[in-house]
Amino acid sequence: MSTNDEPYDVAVVGLGALGSAIVRPLAERGARVLGLDRHAPPHDLGSSHGESRITRLAIGEGDAYVPLVRRSHAIWRALERQTGVPLYEATGGLVLGGERSRRTHHGKPDFLQRTIGSAQRHGIAHELLDAREIRRRFPPFALRGDEIGYWEPEAGLVRPEQAIRAQLAVARASGAHLRTGETVLALEPHGDGSVLLATDQRRYRARQVVLSAGAWLPGLLQGLGRDIGAAWAGEFAVYRQAMHWFALPPDAAPAFAPGRFPVFIWMYGDGEEDYFYGFPSVDPQQPALKVATEQYLAPTTPDALQREVGAGEAAAMHASRVAHRFPQAGPQALRSRACMYTVTRDRDFVVDRLGDGLPVWVASACSGHGFKHSAGLGEAIALKLLDVGTGALLASFERRPAPLAQAASPAAAPNR
């Protein structure tokens, strides 16, 4: 296998949500960039498919994320103007919980109040609604009557496949070398301080490398040698998640359309399972309420993932969460899809050096809340690699040592 004579400035391994967001700003700023992916993004084999992802400015997961999502919104608007492709729609967003709820979400306790506090600290436009006002504005929600809601007009949805496709198209037009259908097998140091990347097809050389392989990251790290594998063992766990689209009858569909119905996160109880989220109906030809929840009990891998979603799963989702809260949505699932969450111990992101003296970065915008931040985070990483600053944006995501009791199992207690 041949090796490129002149090393790339940066090689990015994995071109999904984050990788595509890294190669674009690097290429636009004149860096010589290589992007590698074992598949051909956008695709339905990982974590960034299924028509829509929630975006919101007030981040209950932590204040460090707010600048990233704000920047992401600006990048998506710029990409829309550049490509003519719609990426981000501000449908408004609603986070619901009981008046006394202290429900943990994405590893952060009291998530609803943390979201409100984030909005207040960062000057984010919002309103606090009681159950009566929620019913008045959004009639499809069947409430108990003790709910409160955080309403954010700039929240909405991002189209993941279109966003990845747009990022990669601009990167390619700006000179990035993108190679798909090619799997990275090994990283080796080169005498001049660069890194040799061996794939199943050839060898490359780069001055810096970013590993942004999503759900394939744990396996990739384990394959890089005993020392690296041991150092990163248990840092990430992968979990299967299912999304469902439940049919809406013609007379009910208009009330679920964007502009009349928001994206939502609904924590209807204090139990670990008492939660789901959803989206407006975006396909007028097949009106449907898209909903999903999260599970962290059964880890998997991309190779072992059960990709088919059975009718029983959809029926259980409808019965347990949808039927009594959105009675307009019928039990028929027009379609269901599986995707993967790559989860860290503390449910935050990891952006840090690999270690072992190599100029290699591990970048995992994950834990179930990564897509909304991906464009801003990718740009921040690109600028860091080009030594243009933004280190403050990334400082919060340096890898933190695991407590000894949890070192072998990253998500044994994902909501600690």
# chains A, B, ... in the order shown; residues from 1 in each chain; ligands from 1
$ closest_atom_pairs --of "segment 287-314 of chain A" --to "segment 323-341 of chain A" --cutoff "8 Å" --atoms "only C-alpha atoms" --output "Markdown table"
| residue | atom | partner | partner_atom | distance |
| --- | --- | --- | --- | --- |
| A:Ala288 | CA | A:Ala329 | CA | 7.6 |
| A:Leu289 | CA | A:Ala329 | CA | 6.8 |
| A:Pro302 | CA | A:Met340 | CA | 8.0 |
| A:Gln306 | CA | A:Ala338 | CA | 7.7 |
| A:Arg307 | CA | A:Ala338 | CA | 5.5 |
| A:Glu308 | CA | A:Ala338 | CA | 6.9 |
| A:Val309 | CA | A:Ser336 | CA | 6.0 |
| A:Ala311 | CA | A:Ala333 | CA | 8.0 |
| A:Ala314 | CA | A:Ala333 | CA | 6.4 |
$ write_last_selection --atoms "N, CA and C atoms" --output "compact mmCIF listing (two decimals), in the first residue's frame"
# COMPACT_ATOMS: atom_id res chain seq x y z
N ALA A 288 -47.29 12.22 10.58
CA ALA A 288 -46.93 11.30 11.66
C ALA A 288 -46.31 12.09 12.81
N LEU A 289 -46.53 11.59 14.01
CA LEU A 289 -45.86 12.09 15.20
C LEU A 289 -44.62 11.23 15.43
N PRO A 302 -21.62 -1.49 16.99
CA PRO A 302 -22.18 -1.34 15.64
C PRO A 302 -22.37 -2.67 14.91
N GLN A 306 -28.95 -4.66 16.75
CA GLN A 306 -30.18 -5.13 16.12
C GLN A 306 -30.81 -3.95 15.38
N ARG A 307 -30.68 -3.93 14.08
CA ARG A 307 -31.10 -2.78 13.29
C ARG A 307 -32.60 -2.77 13.00
N GLU A 308 -33.20 -3.93 12.94
CA GLU A 308 -34.63 -3.98 12.72
C GLU A 308 -35.36 -3.64 14.02
N VAL A 309 -36.41 -2.83 13.90
CA VAL A 309 -37.25 -2.49 15.05
C VAL A 309 -38.57 -3.23 14.88
N ALA A 311 -42.42 -4.80 15.42
CA ALA A 311 -43.74 -4.21 15.66
C ALA A 311 -44.06 -4.17 17.14
N ALA A 314 -42.74 -0.96 18.73
CA ALA A 314 -43.57 0.20 18.42
C ALA A 314 -44.85 0.16 19.24
$ closest_atom_pairs --of "segment 143-220 of chain A" --to "segment 18-22 of chain A" --cutoff "10 Å" --atoms "only C-alpha atoms" --output "CSV"
residue,atom,partner,partner_atom,distance
A:Ala163,CA,A:Ser20,CA,8.9
A:Ile164,CA,A:Ser20,CA,6.0
A:Arg165,CA,A:Ser20,CA,8.2
A:Ala166,CA,A:Ser20,CA,8.8
A:Gln167,CA,A:Ser20,CA,5.6
A:Leu168,CA,A:Ser20,CA,5.6
A:Ala169,CA,A:Ser20,CA,9.3
A:Val170,CA,A:Ser20,CA,9.6
A:Ala171,CA,A:Ser20,CA,8.0
A:Leu178,CA,A:Ser20,CA,9.9
A:Val210,CA,A:Gly19,CA,8.3
A:Leu211,CA,A:Gly19,CA,8.2
A:Ser212,CA,A:Gly19,CA,5.6
A:Ala213,CA,A:Gly19,CA,7.6
A:Gly214,CA,A:Leu18,CA,8.4
$ write_last_selection --atoms "C-alpha atoms" --output "mmCIF file, in the first residue's frame"
data_model
loop_
_atom_site.group_PDB
_atom_site.id
_atom_site.type_symbol
_atom_site.label_atom_id
_atom_site.label_comp_id
_atom_site.auth_asym_id
_atom_site.auth_seq_id
_atom_site.Cartn_x
_atom_site.Cartn_y
_atom_site.Cartn_z
ATOM 1 C CA ALA A 163 -26.664 18.831 7.486
ATOM 2 C CA ILE A 164 -23.964 16.166 7.078
ATOM 3 C CA ARG A 165 -24.371 16.141 3.307
ATOM 4 C CA ALA A 166 -24.061 19.953 3.158
ATOM 5 C CA GLN A 167 -20.955 20.015 5.372
ATOM 6 C CA LEU A 168 -19.224 17.367 3.275
ATOM 7 C CA ALA A 169 -20.180 19.016 -0.017
ATOM 8 C CA VAL A 170 -18.703 22.346 1.076
ATOM 9 C CA ALA A 171 -15.587 20.607 2.434
ATOM 10 C CA LEU A 178 -12.792 12.625 1.349
ATOM 11 C CA VAL A 210 -8.875 13.459 14.868
ATOM 12 C CA LEU A 211 -10.829 10.332 15.772
ATOM 13 C CA SER A 212 -14.529 11.221 15.457
ATOM 14 C CA ALA A 213 -15.872 7.788 14.627
ATOM 15 C CA GLY A 214 -18.946 7.861 16.873
#
$ residues_around --residues "segment 40-42 of chain A" --least-positions-apart "4" --cutoff "7 Å" --atoms "only C-alpha atoms" --output "list in words"
Leu15, Gly16, Glu161, Ile164, Arg165, Thr180 and Gly181 of chain A
$ write_last_selection --atoms "N, CA and C atoms" --output "PDB file, in the first residue's frame"
ATOM      1  N   LEU A  15     -16.828  10.630   9.430  1.00  0.00           N
ATOM      2  CA  LEU A  15     -17.358  11.832   8.778  1.00  0.00           C
ATOM      3  C   LEU A  15     -18.853  11.987   9.008  1.00  0.00           C
ATOM      4  N   GLY A  16     -19.297  11.642  10.202  1.00  0.00           N
ATOM      5  CA  GLY A  16     -20.694  11.836  10.555  1.00  0.00           C
ATOM      6  C   GLY A  16     -20.949  13.244  11.064  1.00  0.00           C
ATOM      7  N   GLU A 161     -29.325  14.242   8.135  1.00  0.00           N
ATOM      8  CA  GLU A 161     -28.745  13.775   6.875  1.00  0.00           C
ATOM      9  C   GLU A 161     -28.377  14.953   5.977  1.00  0.00           C
ATOM     10  N   ILE A 164     -25.219  16.859   7.363  1.00  0.00           N
ATOM     11  CA  ILE A 164     -23.964  16.166   7.078  1.00  0.00           C
ATOM     12  C   ILE A 164     -23.623  16.277   5.595  1.00  0.00           C
ATOM     13  N   ARG A 165     -24.611  16.059   4.752  1.00  0.00           N
ATOM     14  CA  ARG A 165     -24.371  16.141   3.307  1.00  0.00           C
ATOM     15  C   ARG A 165     -23.877  17.531   2.909  1.00  0.00           C
ATOM     16  N   THR A 180     -14.461   7.498   1.301  1.00  0.00           N
ATOM     17  CA  THR A 180     -15.444   6.702   2.024  1.00  0.00           C
ATOM     18  C   THR A 180     -15.298   5.240   1.619  1.00  0.00           C
ATOM     19  N   GLY A 181     -15.935   4.365   2.381  1.00  0.00           N
ATOM     20  CA  GLY A 181     -15.778   2.938   2.152  1.00  0.00           C
ATOM     21  C   GLY A 181     -14.379   2.455   2.469  1.00  0.00           C
TER      22      GLY A 181
END
$ closest_atom_pairs --of "segment 34-152 of chain A" --to "segment 236-245 of chain A" --cutoff "12 Å" --atoms "only C-alpha atoms" --output "tab-separated table"
residue	atom	partner	partner_atom	distance
A:Leu45	CA	A:Arg240	CA	11.4
A:Gly46	CA	A:Arg240	CA	9.9
A:Ser47	CA	A:Gln241	CA	9.2
A:Ser48	CA	A:Gln241	CA	11.8
A:His49	CA	A:Met243	CA	10.2
A:Gly50	CA	A:Met243	CA	7.7
A:Glu51	CA	A:Met243	CA	10.3
A:Ser52	CA	A:Met243	CA	10.5
A:Arg53	CA	A:Met243	CA	11.1
$ closest_residue --among "A:Ala31, A:Val322, A:Val388, A:Val95" --to "Ala155 of chain A" --atoms "only C-alpha atoms"
A:Val95
